[in-house]
>>> print(open('upload_22.cif').read())   # mmCIF, C-alpha atoms and all ligand atoms
data_structure
loop_
_atom_site.label_atom_id
_atom_site.label_comp_id
_atom_site.auth_asym_id
_atom_site.auth_seq_id
_atom_site.Cartn_x
_atom_site.Cartn_y
_atom_site.Cartn_z
CA MET A 27 -35.78 -23.15 17.45
CA PRO A 28 -33.35 -22.56 20.34
CA ARG A 29 -30.70 -19.91 19.78
CA MET A 30 -27.70 -21.06 17.81
CA ILE A 31 -24.47 -19.73 19.24
CA THR A 32 -21.56 -20.78 17.08
CA LEU A 33 -17.81 -20.36 17.34
CA ALA A 34 -16.52 -20.08 13.77
CA ILE A 35 -12.93 -20.39 12.54
CA ASP A 36 -11.48 -19.46 9.13
CA THR A 37 -7.80 -19.91 8.22
CA SER A 38 -8.29 -20.37 4.49
CA CYS A 39 -5.69 -17.86 3.36
CA ASP A 40 -3.89 -15.06 5.19
CA GLU A 41 -6.43 -14.10 7.87
CA THR A 42 -6.50 -15.98 11.16
CA SER A 43 -10.09 -15.31 12.07
CA ALA A 44 -12.48 -16.45 14.80
CA SER A 45 -15.99 -15.24 15.50
CA ILE A 46 -19.00 -15.85 17.69
CA VAL A 47 -22.32 -15.65 15.84
CA GLN A 48 -25.72 -15.90 17.49
CA ASP A 49 -28.29 -16.87 14.84
CA GLN A 50 -27.29 -14.27 12.21
CA ILE A 51 -25.99 -11.68 14.66
CA VAL A 52 -22.24 -11.17 14.75
CA LEU A 53 -21.23 -10.91 18.42
CA SER A 54 -17.52 -10.77 17.61
CA ASN A 55 -15.30 -11.08 14.55
CA ILE A 56 -11.55 -11.09 15.24
CA GLN A 57 -9.33 -10.91 12.16
CA PRO A 58 -5.81 -9.61 12.82
CA SER A 59 -4.15 -8.82 9.51
CA GLN A 60 -1.11 -10.78 8.34
CA MET A 61 -0.45 -8.14 5.72
CA GLU A 62 2.89 -7.08 7.24
CA TYR A 63 4.23 -10.63 6.66
CA HIS A 64 3.22 -10.82 2.99
CA LYS A 65 3.39 -7.25 1.74
CA LYS A 66 7.06 -7.30 0.80
CA TYR A 67 6.50 -10.43 -1.34
CA GLY A 68 3.63 -8.83 -3.28
CA GLY A 69 1.29 -11.73 -2.47
CA VAL A 70 0.46 -14.35 0.15
CA VAL A 71 3.32 -16.75 1.00
CA PRO A 72 1.65 -20.05 2.07
CA ASN A 73 4.31 -21.11 4.59
CA LEU A 74 4.33 -17.74 6.30
CA ALA A 75 0.53 -17.80 6.45
CA ARG A 76 0.59 -21.23 8.12
CA LEU A 77 3.15 -20.14 10.71
CA ALA A 78 1.17 -17.00 11.52
CA HIS A 79 -2.04 -19.05 11.88
CA GLN A 80 -0.27 -21.43 14.25
CA GLU A 81 1.07 -18.58 16.33
CA ARG A 82 -2.20 -16.71 16.58
CA ILE A 83 -5.08 -19.14 16.55
CA ASP A 84 -5.48 -19.77 20.31
CA ASN A 85 -5.35 -16.10 21.12
CA VAL A 86 -7.74 -15.15 18.32
CA ILE A 87 -10.33 -17.68 19.57
CA LEU A 88 -10.01 -16.42 23.14
CA GLU A 89 -10.36 -12.79 21.96
CA ALA A 90 -13.51 -13.70 19.98
CA CYS A 91 -15.03 -15.23 23.15
CA LYS A 92 -14.04 -12.29 25.37
CA LYS A 93 -15.57 -9.79 22.99
CA ALA A 94 -18.78 -11.78 22.53
CA PHE A 95 -19.36 -12.44 26.24
CA PRO A 96 -17.95 -9.35 27.94
CA GLY A 97 -19.67 -9.98 31.30
CA SER A 98 -17.85 -13.27 31.93
CA LYS A 99 -15.89 -13.28 35.19
CA ASN A 100 -13.52 -16.13 34.60
CA GLN A 101 -12.03 -15.49 31.17
CA ILE A 102 -11.01 -19.03 30.28
CA LEU A 103 -12.10 -21.04 27.26
CA GLU A 104 -13.82 -23.72 29.32
CA ASN A 105 -16.20 -21.15 30.76
CA TYR A 106 -17.03 -19.61 27.41
CA PHE A 107 -17.84 -22.99 25.92
CA LYS A 108 -20.82 -23.27 28.29
CA ASN A 109 -22.48 -20.63 26.05
CA ILE A 110 -21.48 -22.13 22.72
CA ASN A 111 -23.63 -24.74 20.92
CA PHE A 112 -21.69 -25.37 17.71
CA ILE A 113 -18.24 -25.05 16.20
CA ALA A 114 -18.00 -24.18 12.50
CA VAL A 115 -14.86 -24.30 10.39
CA THR A 116 -13.86 -23.51 6.82
CA ILE A 117 -12.81 -26.67 4.99
CA GLY A 118 -11.88 -25.07 1.62
CA PRO A 119 -11.27 -23.78 -0.93
CA GLY A 120 -8.06 -22.15 0.22
CA LEU A 121 -4.42 -22.88 0.91
CA ALA A 122 -4.33 -26.48 2.14
CA ILE A 123 -1.53 -25.91 4.65
CA ALA A 124 -3.31 -22.87 6.06
CA LEU A 125 -6.77 -24.50 6.20
CA GLU A 126 -5.30 -27.41 8.14
CA ILE A 127 -4.51 -25.23 11.14
CA GLY A 128 -8.12 -24.10 11.55
CA ILE A 129 -9.56 -27.57 10.91
CA LYS A 130 -7.22 -29.19 13.43
CA LYS A 131 -8.10 -26.62 16.08
CA ALA A 132 -11.85 -26.92 15.41
CA LYS A 133 -11.71 -30.73 15.70
CA GLU A 134 -9.70 -30.51 18.89
CA LEU A 135 -12.18 -28.09 20.52
CA ALA A 136 -15.23 -30.04 19.28
CA GLN A 137 -13.87 -33.20 20.87
CA LYS A 138 -12.74 -31.54 24.07
CA TYR A 139 -16.00 -29.69 24.73
CA ASP A 140 -18.28 -32.21 23.00
CA LYS A 141 -19.80 -29.83 20.46
CA PRO A 142 -21.10 -30.63 16.97
CA LEU A 143 -18.69 -29.57 14.25
CA ILE A 144 -20.13 -27.89 11.14
CA LEU A 145 -18.13 -27.94 7.91
CA ILE A 146 -18.45 -24.86 5.75
CA ASN A 147 -17.27 -24.10 2.25
CA HIS A 148 -15.42 -20.77 2.23
CA MET A 149 -17.31 -19.58 -0.86
CA GLU A 150 -20.64 -20.36 0.81
CA GLY A 151 -19.44 -18.11 3.62
CA HIS A 152 -18.89 -15.24 1.14
CA LEU A 153 -22.23 -16.07 -0.51
CA LEU A 154 -24.18 -15.80 2.76
CA SER A 155 -22.17 -12.90 4.22
CA GLY A 156 -24.95 -10.46 3.28
CA PHE A 157 -27.22 -12.19 5.82
CA ALA A 158 -25.05 -11.16 8.76
CA THR A 159 -26.57 -8.58 11.05
CA ARG A 160 -24.75 -6.32 13.45
CA ASN A 161 -25.11 -6.64 17.19
CA SER A 162 -27.20 -3.57 17.82
CA HIS A 163 -30.42 -2.62 19.57
CA THR A 164 -31.56 -0.75 16.48
CA ILE A 165 -31.98 -3.93 14.43
CA LYS A 166 -35.63 -4.77 13.86
CA PRO A 167 -36.59 -8.46 14.25
CA SER A 168 -38.02 -8.31 10.71
CA GLU A 169 -34.52 -7.57 9.36
CA ILE A 170 -33.06 -10.62 11.05
CA LEU A 171 -35.83 -12.92 9.93
CA ALA A 172 -36.13 -11.62 6.35
CA LYS A 173 -36.55 -14.86 4.40
CA PRO A 174 -34.73 -15.08 1.09
CA ALA A 175 -36.62 -15.41 -2.19
CA PHE A 176 -35.36 -18.00 -4.67
CA PRO A 177 -33.81 -18.33 -7.14
CA ALA A 178 -31.17 -15.85 -6.08
CA LEU A 179 -28.01 -14.91 -7.97
CA GLY A 180 -24.76 -14.93 -5.99
CA ILE A 181 -22.02 -12.59 -7.24
CA LEU A 182 -18.72 -13.45 -5.60
CA VAL A 183 -15.75 -11.25 -6.39
CA SER A 184 -12.56 -11.79 -4.44
CA GLY A 185 -8.82 -12.23 -4.84
CA GLY A 186 -9.25 -15.94 -5.51
CA HIS A 187 -12.63 -16.17 -7.26
CA THR A 188 -15.00 -14.42 -9.63
CA GLU A 189 -18.19 -16.46 -9.73
CA LEU A 190 -21.87 -16.22 -10.56
CA ILE A 191 -23.92 -18.73 -8.59
CA LYS A 192 -27.51 -19.78 -9.04
CA VAL A 193 -29.02 -20.36 -5.61
CA SER A 194 -32.16 -22.50 -5.78
CA ALA A 195 -32.31 -22.98 -2.00
CA ILE A 196 -29.96 -22.79 0.97
CA GLY A 197 -27.43 -25.54 0.25
CA GLU A 198 -28.39 -25.80 -3.44
CA TYR A 199 -25.78 -23.88 -5.34
CA LYS A 200 -24.61 -24.11 -8.92
CA ILE A 201 -21.73 -22.13 -10.41
CA ILE A 202 -23.15 -20.83 -13.68
CA GLY A 203 -20.31 -18.50 -14.62
CA GLU A 204 -16.73 -18.04 -13.48
CA THR A 205 -13.40 -16.76 -14.61
CA GLY A 206 -11.30 -19.23 -16.54
CA ASP A 207 -8.06 -17.59 -15.48
CA ASP A 208 -7.34 -14.69 -13.10
CA SER A 209 -9.99 -13.39 -10.72
CA LEU A 210 -11.05 -9.77 -10.81
CA GLY A 211 -9.27 -9.01 -7.52
CA GLU A 212 -6.09 -10.71 -8.74
CA CYS A 213 -6.26 -8.63 -11.92
CA PHE A 214 -6.48 -5.46 -9.79
CA ASP A 215 -3.57 -6.59 -7.62
CA LYS A 216 -1.33 -7.48 -10.60
CA CYS A 217 -2.17 -4.34 -12.59
CA GLY A 218 -1.75 -2.27 -9.43
CA ARG A 219 1.74 -3.68 -9.04
CA MET A 220 2.57 -2.48 -12.58
CA LEU A 221 1.60 1.01 -11.38
CA GLY A 222 3.65 0.72 -8.19
CA LEU A 223 0.56 0.81 -5.96
CA GLY A 224 1.65 -1.92 -3.51
CA TYR A 225 -0.29 -4.97 -2.34
CA PRO A 226 -3.22 -5.51 -2.30
CA ALA A 227 -3.88 -2.80 -4.87
CA GLY A 228 -7.70 -3.09 -5.07
CA PRO A 229 -8.49 -0.55 -2.33
CA LEU A 230 -6.09 2.05 -3.78
CA ILE A 231 -7.37 1.55 -7.34
CA THR A 232 -10.89 2.15 -5.99
CA LYS A 233 -9.77 5.30 -4.14
CA LEU A 234 -7.79 6.82 -7.03
CA ALA A 235 -10.51 6.00 -9.56
CA LYS A 236 -13.15 7.65 -7.36
CA GLU A 237 -11.10 10.85 -6.96
CA HIS A 238 -10.54 11.11 -10.67
CA ARG A 239 -13.57 9.60 -12.42
CA GLU A 240 -15.23 12.90 -13.17
CA ASN A 241 -12.18 14.05 -15.16
CA MET A 242 -12.69 11.19 -17.59
CA GLU A 243 -15.22 10.61 -20.32
CA LEU A 244 -15.86 6.89 -20.77
CA LYS A 245 -17.68 4.93 -23.42
CA VAL A 246 -18.03 1.30 -24.42
CA GLU A 247 -17.53 0.63 -28.12
CA ASN A 248 -17.94 -2.48 -30.26
CA ARG A 249 -15.20 -2.81 -32.86
CA HIS A 250 -14.82 -5.59 -35.41
CA LYS A 251 -14.23 -8.53 -33.02
CA SER A 252 -13.68 -6.83 -29.70
CA THR A 253 -15.52 -4.63 -27.23
CA LEU A 254 -13.51 -1.79 -25.74
CA VAL A 255 -13.67 0.84 -23.05
CA ILE A 256 -12.49 4.15 -24.50
CA GLY A 257 -11.47 6.85 -22.05
CA LEU A 258 -10.70 10.52 -22.63
CA ASN A 259 -9.11 12.72 -19.99
CA LYS A 260 -11.08 15.94 -20.42
CA LYS A 261 -8.15 18.16 -19.32
CA SER A 262 -5.06 16.54 -20.84
CA LYS A 263 -7.04 15.20 -23.85
CA LYS A 264 -5.13 11.91 -23.55
CA THR A 265 -7.16 8.92 -24.77
CA TYR A 266 -6.90 5.30 -23.69
CA GLU A 267 -8.35 1.98 -24.80
CA LEU A 268 -8.76 -1.27 -22.90
CA PRO A 269 -10.58 -4.43 -24.01
CA ILE A 270 -13.55 -5.98 -22.23
CA PRO A 271 -12.70 -9.66 -22.69
CA MET A 272 -15.59 -12.13 -23.19
CA ALA A 273 -18.06 -9.26 -23.61
CA ARG A 274 -19.69 -10.86 -26.63
CA THR A 275 -19.55 -14.56 -25.74
CA GLU A 276 -22.95 -16.13 -25.15
CA ASN A 277 -22.00 -18.00 -21.97
CA LEU A 278 -21.58 -16.56 -18.49
CA HIS A 279 -17.87 -17.22 -18.17
CA MET A 280 -15.31 -14.48 -17.64
CA SER A 281 -11.62 -13.85 -18.15
CA TYR A 282 -9.34 -11.30 -16.56
CA SER A 283 -5.89 -12.33 -17.73
CA GLY A 284 -6.39 -10.75 -21.18
CA LEU A 285 -7.24 -7.46 -19.50
CA LYS A 286 -4.07 -7.75 -17.40
CA THR A 287 -1.96 -8.32 -20.54
CA ALA A 288 -3.58 -5.41 -22.39
CA PHE A 289 -3.05 -3.24 -19.32
CA ASN A 290 0.62 -4.23 -19.22
CA HIS A 291 1.07 -3.18 -22.87
CA LEU A 292 -0.68 0.10 -22.19
CA VAL A 293 1.52 0.85 -19.15
CA HIS A 294 4.69 0.06 -21.12
CA SER A 295 3.80 2.20 -24.11
CA LEU A 296 2.76 5.11 -21.90
CA SER A 297 5.82 4.98 -19.65
CA LYS A 298 8.17 4.89 -22.64
CA ALA A 299 6.50 7.96 -24.06
CA GLU A 300 6.59 9.75 -20.70
CA ILE A 301 10.29 9.09 -20.08
CA ASN A 302 11.14 10.34 -23.58
CA GLU A 303 9.13 13.50 -23.05
CA THR A 304 10.40 14.30 -19.55
CA GLN A 305 12.81 17.19 -19.81
CA ASN A 306 13.15 18.85 -16.46
CA LYS A 307 13.65 17.99 -12.81
CA PHE A 308 10.13 19.03 -11.76
CA GLU A 309 8.54 16.65 -14.22
CA GLN A 310 10.89 13.83 -13.20
CA ASP A 311 9.89 14.24 -9.56
CA ASN A 312 6.28 13.89 -10.59
CA ILE A 313 6.98 10.52 -12.18
CA ILE A 314 6.74 7.62 -9.76
CA SER A 315 8.20 4.12 -9.82
CA SER A 316 6.25 2.82 -12.82
CA GLY A 317 7.63 5.62 -15.03
CA LEU A 318 4.22 7.27 -15.28
CA THR A 319 2.97 10.62 -14.03
CA LYS A 320 0.42 10.62 -11.23
CA GLU A 321 -2.14 12.02 -13.65
CA ILE A 322 -1.75 9.03 -15.98
CA ILE A 323 -1.89 6.59 -13.05
CA TYR A 324 -5.21 8.12 -12.03
CA ASP A 325 -6.48 7.79 -15.61
CA LEU A 326 -5.40 4.15 -15.73
CA CYS A 327 -7.18 3.31 -12.46
CA VAL A 328 -10.42 4.69 -13.90
CA MET A 329 -9.90 2.69 -17.11
CA LEU A 330 -9.04 -0.57 -15.34
CA GLU A 331 -12.02 -0.33 -13.02
CA ALA A 332 -14.35 0.47 -15.92
CA SER A 333 -13.27 -2.49 -18.04
CA ALA A 334 -13.17 -5.00 -15.17
CA TYR A 335 -16.61 -4.07 -13.80
CA GLU A 336 -18.22 -3.82 -17.24
CA GLN A 337 -17.34 -7.44 -17.99
CA LEU A 338 -18.82 -8.59 -14.68
CA LEU A 339 -21.96 -6.50 -15.23
CA ILE A 340 -22.50 -7.84 -18.77
CA LYS A 341 -22.39 -11.41 -17.42
CA THR A 342 -24.50 -10.56 -14.38
CA GLU A 343 -27.18 -9.09 -16.63
CA LYS A 344 -27.17 -12.27 -18.76
CA ALA A 345 -27.51 -14.42 -15.63
CA ILE A 346 -30.40 -12.32 -14.28
CA LEU A 347 -32.24 -12.78 -17.57
CA GLN A 348 -31.44 -16.47 -17.81
CA PHE A 349 -33.31 -17.55 -14.67
CA GLU A 350 -35.15 -14.44 -13.47
CA ALA A 351 -33.18 -13.91 -10.30
CA LYS A 352 -35.30 -12.60 -7.43
CA GLU A 353 -32.42 -11.43 -5.26
CA LEU A 354 -28.74 -10.62 -5.68
CA TRP A 355 -26.28 -11.75 -3.01
CA LEU A 356 -22.88 -10.03 -3.07
CA GLY A 357 -19.70 -11.21 -1.37
CA GLY A 358 -15.89 -11.16 -1.51
CA GLY A 359 -13.14 -8.59 -1.04
CA VAL A 360 -13.84 -6.54 -4.19
CA ILE A 361 -17.44 -5.97 -2.99
CA ALA A 362 -15.84 -3.46 -0.58
CA SER A 363 -15.72 -1.17 -3.63
CA PRO A 364 -18.62 1.34 -3.38
CA ARG A 365 -18.42 1.78 -7.15
CA LEU A 366 -19.06 -1.92 -7.82
CA ARG A 367 -21.91 -2.02 -5.31
CA HIS A 368 -23.44 1.08 -6.92
CA LEU A 369 -23.24 -0.43 -10.41
CA ILE A 370 -24.82 -3.72 -9.29
CA ARG A 371 -27.60 -1.89 -7.41
CA LYS A 372 -28.31 0.14 -10.54
CA LEU A 373 -28.58 -3.06 -12.55
CA ALA A 374 -30.93 -4.58 -9.94
CA LYS A 375 -33.14 -1.50 -10.16
CA ARG A 376 -33.30 -1.79 -13.94
CA PHE A 377 -34.58 -5.36 -13.61
CA ASN A 378 -36.91 -4.60 -10.67
CA ILE A 379 -34.99 -6.84 -8.31
CA PRO A 380 -35.94 -5.50 -4.88
CA THR A 381 -33.31 -7.19 -2.71
CA VAL A 382 -29.55 -6.84 -3.01
CA ARG A 383 -27.86 -8.43 0.00
CA VAL A 384 -24.52 -6.84 0.83
CA PRO A 385 -22.34 -7.45 3.91
CA TYR A 386 -22.97 -4.64 6.41
CA SER A 387 -19.27 -3.90 6.92
CA LYS A 388 -16.02 -4.02 4.95
CA LYS A 389 -14.72 -6.54 7.50
CA LEU A 390 -17.30 -9.02 6.25
CA THR A 391 -16.23 -8.68 2.61
CA THR A 392 -12.63 -9.82 3.11
CA ASP A 393 -11.92 -13.24 4.57
CA ASN A 394 -13.44 -13.55 8.02
CA ALA A 395 -14.92 -16.13 10.36
CA ALA A 396 -18.21 -14.30 10.98
CA MET A 397 -19.45 -15.20 7.50
CA ILE A 398 -18.61 -18.85 8.28
CA GLY A 399 -20.64 -18.68 11.50
CA VAL A 400 -23.56 -17.06 9.68
CA ALA A 401 -23.41 -19.73 6.95
CA ALA A 402 -23.33 -22.48 9.59
CA ASN A 403 -26.34 -21.11 11.47
CA ILE A 404 -28.37 -20.58 8.30
CA ASN A 405 -27.58 -24.13 7.20
CA ILE A 406 -28.65 -25.50 10.58
CA GLN A 407 -31.87 -23.50 10.31
CA TYR A 408 -32.56 -24.90 6.84
CA ASN A 409 -31.45 -28.42 7.78
CA SER A 410 -28.74 -28.47 5.17
CA ALA A 411 -25.67 -28.34 7.39
CA THR A 412 -22.95 -30.97 7.23
CA ILE A 413 -22.65 -31.77 10.91
CA ILE A 414 -20.18 -34.19 12.38
CA LYS A 415 -21.10 -35.48 15.79
CA GLU A 416 -22.15 -39.04 16.60
CA HIS A 417 -19.22 -40.76 14.95
CA PHE A 418 -16.90 -37.91 15.58
CA LYS A 419 -14.05 -40.02 16.85
CA GLN A 420 -13.95 -42.01 13.60
CA VAL A 421 -13.63 -38.94 11.41
CA ASP A 422 -9.98 -38.46 10.74
CA ARG A 423 -10.36 -37.01 7.26
CA ILE A 424 -12.86 -34.23 6.84
CA PRO A 425 -14.67 -34.55 3.49
CA SER A 426 -14.16 -31.59 1.21
CA LEU A 427 -17.34 -29.96 0.01
CA THR A 428 -17.39 -28.06 -3.22
CA LEU A 429 -20.00 -25.89 -4.79
CA ASN A 430 -21.37 -27.87 -7.74
CA ALA A 431 -19.68 -26.64 -10.88
CA THR A 432 -21.54 -26.93 -14.16
O1 LIG B 1 -12.09 -11.90 -0.35
P1 LIG B 1 -10.69 -11.41 -0.20
O2 LIG B 1 -10.33 -10.66 1.04
O3 LIG B 1 -9.68 -12.57 -0.28
C1 LIG B 1 -9.87 -13.69 -1.06
O4 LIG B 1 -10.56 -14.63 -0.60
O5 LIG B 1 -9.38 -13.66 -2.19
O6 LIG B 1 -10.39 -10.50 -1.49
C2 LIG B 1 -9.18 -9.82 -1.64
C3 LIG B 1 -9.24 -9.01 -2.93
C4 LIG B 1 -7.90 -8.41 -3.29
O7 LIG B 1 -7.67 -8.69 -4.66
C5 LIG B 1 -8.08 -6.92 -3.07
O8 LIG B 1 -7.30 -6.12 -3.92
C6 LIG B 1 -9.56 -6.74 -3.32
O9 LIG B 1 -10.16 -7.92 -2.80
N1 LIG B 1 -10.14 -5.57 -2.64
C7 LIG B 1 -10.70 -4.51 -3.27
C8 LIG B 1 -11.10 -3.60 -2.25
N2 LIG B 1 -10.79 -4.15 -1.05
C9 LIG B 1 -10.21 -5.35 -1.30
N3 LIG B 1 -10.88 -4.26 -4.56
C10 LIG B 1 -11.48 -3.10 -4.90
N4 LIG B 1 -11.88 -2.18 -4.01
C11 LIG B 1 -11.71 -2.38 -2.68
N5 LIG B 1 -12.11 -1.45 -1.79
ZN ZN B 2 -12.32 -15.36 0.49
#
>>> encode(input="upload_22.cif", output="structure tokens", more="lines below")
Ligand code: KG4
Ligand code: ZN
Amino acid sequence: MPRMITLAIDTSCDETSASIVQDQIVLSNIQPSQMEYHKKYGGVVPNLARLAHQERIDNVILEACKKAFPGSKNQILENYFKNINFIAVTIGPGLAIALEIGIKKAKELAQKYDKPLILINHMEGHLLSGFATRNSHTIKPSEILAKPAFPALGILVSGGHTELIKVSAIGEYKIIGETGDDSLGECFDKCGRMLGLGYPAGPLITKLAKEHRENMELKVENRHKSTLVIGLNKKSKKTYELPIPMARTENLHMSYSGLKTAFNHLVHSLSKAEINETQNKFEQDNIISSGLTKEIIYDLCVMLEASAYEQLLIKTEKAILQFEAKELWLGGGVIASPRLRHLIRKLAKRFNIPTVRVPYSKKLTTDNAAMIGVAANINIQYNSATIIKEHFKQVDRIPSLTLNAT
């Protein structure tokens, strides 16, 4: 098969991203952060995201081309398009008004330069992100060509989704478990806000929990109707409890809003107690915005992480058993957590699953266009891509693909 060189675009949420991917090799992946726009609102503001996409998209595409083809003399788009065979774009899920900017641009370029347009589901991008390989001479051809074994289990954990996906083949996906309310990342972000950790809170929760985990003794306990994580701070002797929602339900579905509510109660009861006990200036200085001491905030990060990951692991284990998964494919922003990757790898080892596919860099776990380019090229390779070409001029509405929900 001739080399596939694809320009990919993703504007599904708050990252304006463009990338050039050759087969599975990421030649460039430009993803300037919009965080400074949204941070003060504690979440993504759709209108601001759209405006930022509009402002940046042309430049981001040009930067992706420049980085991928550094030897080019005349650095104009027309020249770069001589090297590009396909254009891939995210068509959802995401913020409709943000997605539109990327889709419009991709259609415009596909028409102008007469290139086939490949439509990619954002979640399929996360699902296949572990197949991306870096642009390096040290990569062995066997790594690039490593064929997947089916069925595989996809574990997607981001700010918008928490999903378990049965992969029977490339293009044959079935959601077998998902959260019915908040996603795991959203739960981290909302609980982090209660602790005054800023937005997004996931990375800081991971960092604080890592620094402090060895000070805590953790156990999972079944009580009457609920399953709990019990934590003891070995120095202060403070104990904490948080529920693991859905731990004992038979199905593979998850829930993170109950954990958020329980966490809120815990924060309130602890901060009340702290404020009552705080007598002197030194202690007051040690209390930050949430009304909790730093020590307690550390404890709570360990607890939150433990409960959130335990629920996901319980359901992952059930899914592995249900259809004897041969590989695990991890994707999404929360996969940047080394702790979560470690726990999933440990689980894979226990079930003798030899392959756990993980994106090679943090940049591929958050929203990015490289994963869209990789997904497009893999789909072309397996003949399962949705390609729009011959009747391109008639396509004024791009069909929305969804992963088949059960
Ligand atoms: O995939 P993503 O970038 O955006 C969505 O498509 O949702 O995921 C963002 C989520 C946020 O909730 C963020 O707090 C979380 O991923 N996150 C992390 C880490 N990095 C990002 N959570 C835990 N540990 C991290 N290192
Ligand atoms: Zn995403």
>>> atom_distance(input="upload_22.cif", atom1="CA of Pro58 (chain A)", atom2="CA of Thr188 (chain A)")
24.7 Å
>>> atom_distance(input="upload_22.cif", atom1="CA of Thr392 (chain A)", atom2="CA of Gly156 (chain A)")
12.3 Å
>>> closest_atom_pairs(input="upload_22.cif", of="region 148-211 of chain A", to="region 224-238 of chain A", cutoff="12 Å", atoms="all atoms listed in the file", output="JSON lines")
{"residue": "A:Val183", "atom": "CA", "partner": "A:Gly228", "partner_atom": "CA", "distance": 11.5}
{"residue": "A:Ser184", "atom": "CA", "partner": "A:Gly228", "partner_atom": "CA", "distance": 10.0}
{"residue": "A:Gly185", "atom": "CA", "partner": "A:Pro226", "partner_atom": "CA", "distance": 9.1}
{"residue": "A:Ser209", "atom": "CA", "partner": "A:Gly228", "partner_atom": "CA", "distance": 12.0}
{"residue": "A:Leu210", "atom": "CA", "partner": "A:Gly228", "partner_atom": "CA", "distance": 9.4}
{"residue": "A:Gly211", "atom": "CA", "partner": "A:Gly228", "partner_atom": "CA", "distance": 6.6}
>>> closest_atom_pairs(input="upload_22.cif", of="chain A", to="ligand ZN 2 (chain B)", cutoff="8 Å", atoms="only C-alpha atoms and all ligand atoms", output="Markdown table")
| residue | atom | partner | partner_atom | distance |
| --- | --- | --- | --- | --- |
| A:Ser38 | CA | B:ZN2 | ZN | 7.6 |
| A:Cys39 | CA | B:ZN2 | ZN | 7.6 |
| A:His148 | CA | B:ZN2 | ZN | 6.5 |
| A:Met149 | CA | B:ZN2 | ZN | 6.7 |
| A:His152 | CA | B:ZN2 | ZN | 6.6 |
| A:Ser184 | CA | B:ZN2 | ZN | 6.1 |
| A:Gly185 | CA | B:ZN2 | ZN | 7.1 |
| A:Gly186 | CA | B:ZN2 | ZN | 6.8 |
| A:His187 | CA | B:ZN2 | ZN | 7.8 |
| A:Gly358 | CA | B:ZN2 | ZN | 5.9 |
| A:Gly359 | CA | B:ZN2 | ZN | 7.0 |
| A:Thr392 | CA | B:ZN2 | ZN | 6.1 |
| A:Asp393 | CA | B:ZN2 | ZN | 4.6 |
| A:Asn394 | CA | B:ZN2 | ZN | 7.8 |
>>> closest_residue(input="upload_22.cif", among="A:Cys213, A:Val115, A:Ala175, A:Ile370", to="Ser283 (chain A)", atoms="all atoms listed in the file")
A:Cys213
>>> atom_distance(input="upload_22.cif", atom1="CA of Asp49 (chain A)", atom2="CA of Ser387 (chain A)")
17.7 Å
>>> axis_aligned_box(input="upload_22.cif", around="region 189-208 of chain A", padding_each_side="6 Å", output="lines of an AutoDock Vina configuration file")
center_x = -19.8
center_y = -20.2
center_z = -7.8
size_x = 37.0
size_y = 23.1
size_z = 29.5
>>> closest_residue(input="upload_22.cif", among="A:Met397, A:Leu356, A:Leu339, A:Asn259", to="Lys372 (chain A)", atoms="all atoms listed in the file")
A:Leu339
>>> closest_residue(input="upload_22.cif", among="A:Pro142, A:Gly357, A:Gly399, A:Pro269", to="ligand LIG 1 (chain B)", atoms="all atoms listed in the file")
A:Gly357
>>> closest_residue(input="upload_22.cif", among="A:Lys341, A:Arg82, A:Arg76, A:Arg219", to="ligand LIG 1 (chain B)", atoms="only C-alpha atoms and all ligand atoms")
A:Arg219
>>> closest_residue(input="upload_22.cif", among="A:Arg29, A:Arg367, A:Arg376, A:Lys352", to="ligand LIG 1 (chain B)", atoms="all atoms listed in the file")
A:Arg367
>>> closest_residue(input="upload_22.cif", among="A:Ile414, A:Ile196, A:Leu153, A:Val382", to="ligand LIG 1 (chain B)", atoms="all atoms listed in the file")
A:Leu153
>>> residues_around(input="upload_22.cif", residues="Tyr106 (chain A)", least_positions_apart="4", cutoff="9 Å", atoms="all atoms listed in the file", output="list in words")
Leu88, Cys91, Lys92, Phe95, Ser98, Asn100, Gln101, Ile102 and Ile110 of chain A
>>> residues_around(input="upload_22.cif", residues="Thr205 (chain A)", least_positions_apart="2", cutoff="8 Å", atoms="all atoms listed in the file", output="number ranges by chain")
A: 187-189, 203, 207-209, 279-282
>>> residues_around(input="upload_22.cif", residues="Thr381 (chain A)", least_positions_apart="6", cutoff="9 Å", atoms="all atoms listed in the file", output="PyMOL selection string")
chain A and resi 174-175+352-355+374
>>> residues_around(input="upload_22.cif", residues="region 323-332 of chain A", least_positions_apart="2", cutoff="7 Å", atoms="only C-alpha atoms", output="ChimeraX atom specification")
/A:221,231,234-235,238-239,257,318-321,334-336
